[in-house]
Amino acid sequence: MGRRISHCNQLESLRDENLPDGDDIEIIEPKLEECELDENASPTSGSLENRSARKSGMVYVKTYKVNRDIAPTLIDIMRKHGDIAAACVLTSDLKSSIVESVCKVFKRIQTDDIVEMVEEEKRVSDAKKLNIDVSWLEPLLEAVRKRKEANKHYGLCLEMKGGVIMAKRAAQKDLRDRRSELVAAKQRVEEAERCVAAMHLVGKNLTDRLHESESDLDSWANDPVVTLTRPRYGV
C-alpha cells in the first residue's frame, strides 16, 4: 500500500496584531501542512493554489483575496462602508482585483502618496462602472484634487513672485545705471555750457577790440596832419 496522502487545502483563521479588531470581519490565510505523498501521488489543485497564495503573500478578507499589506485597509473600509463590492456581479477573482485597486487608492490618499490624479480618478471611475461602491471615496479624491490644485496654484504664485522679484531687481539696477549715466551726461552738458560761455566771452572781447580798432582807424583817417603828410601818387 502506498503511503497516505494528506491534502494541503485546509484554511486557518489567522489574527494579525497589526489588523483592526472585530468579530464580523476576519482575515484567513492558507495553511500548508506537511504532506506525505507516495511516489505516484501529485499535489491537488487546492494544495497548489494555497501554496501559491502563501508564497505571493495573499490572504482572504471574507471572500476577497488580496495582498497581505492591503488587508488592513480593506478591513477598515468594510467596517466603515460595508461590502463595497456586494452589487458587483463579476467573478470572485475579478472582484478581488478591483477591490484591491480601490483599497490602494484609499491607502495612497491616507498616506498622501497620490502622484497622478488622472490615473487615480480613472481607477475609481472604472470601479464605479462595475458597481463597486465608491461613493465614500469620491469626496476624498475630490478633496485631494482640490488640495493639489491649490498647492499647484500656490507654487505658481511663488514662482511668479520670484520672477517679479528678479525683474524688479533688474529694473532697479537699470534705473541706477541710467541715473549714473544721466549724472555723467549732466556733467558733460554743464562742461559744454561752460565752454560755450567761455567762447562767447572770448568772442565778445574780440568783437569789442575789433570795434575799438575800427574807431582808431577812423580817427586816424580824419586827422589833418596825417592827411597832409600822406604821399600822393600819380602827380
# chains A, B, ... in the order shown; residues from 1 in each chain; ligands from 1
$ residues_around --residues "range 77-84 of chain A" --least-positions-apart "6" --cutoff "8 Å" --atoms "only C-alpha atoms" --output "list in words"
Ile25, Val99, Cys103, Ile132, Asp133, Val134 and Trp136 of chain A
$ write_last_selection --atoms "C-alpha atoms" --output "tab-separated table (two decimals), in the first residue's frame"
chain	number	residue	atom	x	y	z
A	25	ILE	CA	-14.52	40.51	9.64
A	99	VAL	CA	-11.47	45.87	-4.59
A	103	CYS	CA	-8.02	49.90	-1.45
A	132	ILE	CA	-18.29	48.92	-6.81
A	133	ASP	CA	-19.49	51.35	-4.15
A	134	VAL	CA	-17.03	54.24	-4.26
A	136	TRP	CA	-17.48	57.30	0.09
$ residues_around --residues "Ser101 in chain A" --least-positions-apart "4" --cutoff "9 Å" --atoms "only C-alpha atoms" --output "MDAnalysis selection string"
chainID A and resid 96:97 105:106 123:124 127
$ write_last_selection --atoms "N, CA, C and O atoms" --output "PDB file, in the first residue's frame"
ATOM      1  N   SER A  96     -12.021  40.716  -6.457  1.00  0.00           N
ATOM      2  CA  SER A  96     -10.890  40.878  -5.539  1.00  0.00           C
ATOM      3  C   SER A  96      -9.870  41.852  -6.104  1.00  0.00           C
ATOM      4  O   SER A  96      -9.346  42.711  -5.397  1.00  0.00           O
ATOM      5  N   SER A  97      -9.598  41.735  -7.419  1.00  0.00           N
ATOM      6  CA  SER A  97      -8.638  42.621  -8.066  1.00  0.00           C
ATOM      7  C   SER A  97      -9.104  44.073  -8.045  1.00  0.00           C
ATOM      8  O   SER A  97      -8.329  44.986  -7.742  1.00  0.00           O
ATOM      9  N   VAL A 105      -5.977  52.941  -3.805  1.00  0.00           N
ATOM     10  CA  VAL A 105      -6.265  54.368  -3.958  1.00  0.00           C
ATOM     11  C   VAL A 105      -6.514  55.000  -2.593  1.00  0.00           C
ATOM     12  O   VAL A 105      -5.965  56.064  -2.264  1.00  0.00           O
ATOM     13  N   PHE A 106      -7.351  54.334  -1.789  1.00  0.00           N
ATOM     14  CA  PHE A 106      -7.665  54.843  -0.454  1.00  0.00           C
ATOM     15  C   PHE A 106      -6.404  54.926   0.416  1.00  0.00           C
ATOM     16  O   PHE A 106      -6.201  55.894   1.156  1.00  0.00           O
ATOM     17  N   ARG A 123      -9.215  54.951 -12.051  1.00  0.00           N
ATOM     18  CA  ARG A 123      -9.419  53.698 -11.318  1.00  0.00           C
ATOM     19  C   ARG A 123     -10.751  53.715 -10.577  1.00  0.00           C
ATOM     20  O   ARG A 123     -11.507  52.736 -10.595  1.00  0.00           O
ATOM     21  N   VAL A 124     -11.032  54.817  -9.925  1.00  0.00           N
ATOM     22  CA  VAL A 124     -12.281  54.929  -9.167  1.00  0.00           C
ATOM     23  C   VAL A 124     -13.475  54.927 -10.115  1.00  0.00           C
ATOM     24  O   VAL A 124     -14.503  54.294  -9.848  1.00  0.00           O
ATOM     25  N   ALA A 127     -14.077  51.423 -11.373  1.00  0.00           N
ATOM     26  CA  ALA A 127     -14.691  50.605 -10.323  1.00  0.00           C
ATOM     27  C   ALA A 127     -16.176  50.929 -10.178  1.00  0.00           C
ATOM     28  O   ALA A 127     -17.019  50.037  -9.991  1.00  0.00           O
TER      29      ALA A 127
END
$ closest_residue --among "A:Met58, A:Ala86, A:Val66, A:Leu217" --to "Asn131 in chain A" --atoms "only C-alpha atoms"
A:Ala86
$ closest_residue --among "A:Ser125, A:Leu201, A:Asp113, A:Leu130" --to "Lys148 in chain A" --atoms "only C-alpha atoms"
A:Asp113
$ closest_residue --among "A:Val115, A:Thr91, A:Glu120, A:Glu100" --to "Arg68 in chain A" --atoms "only C-alpha atoms"
A:Glu100
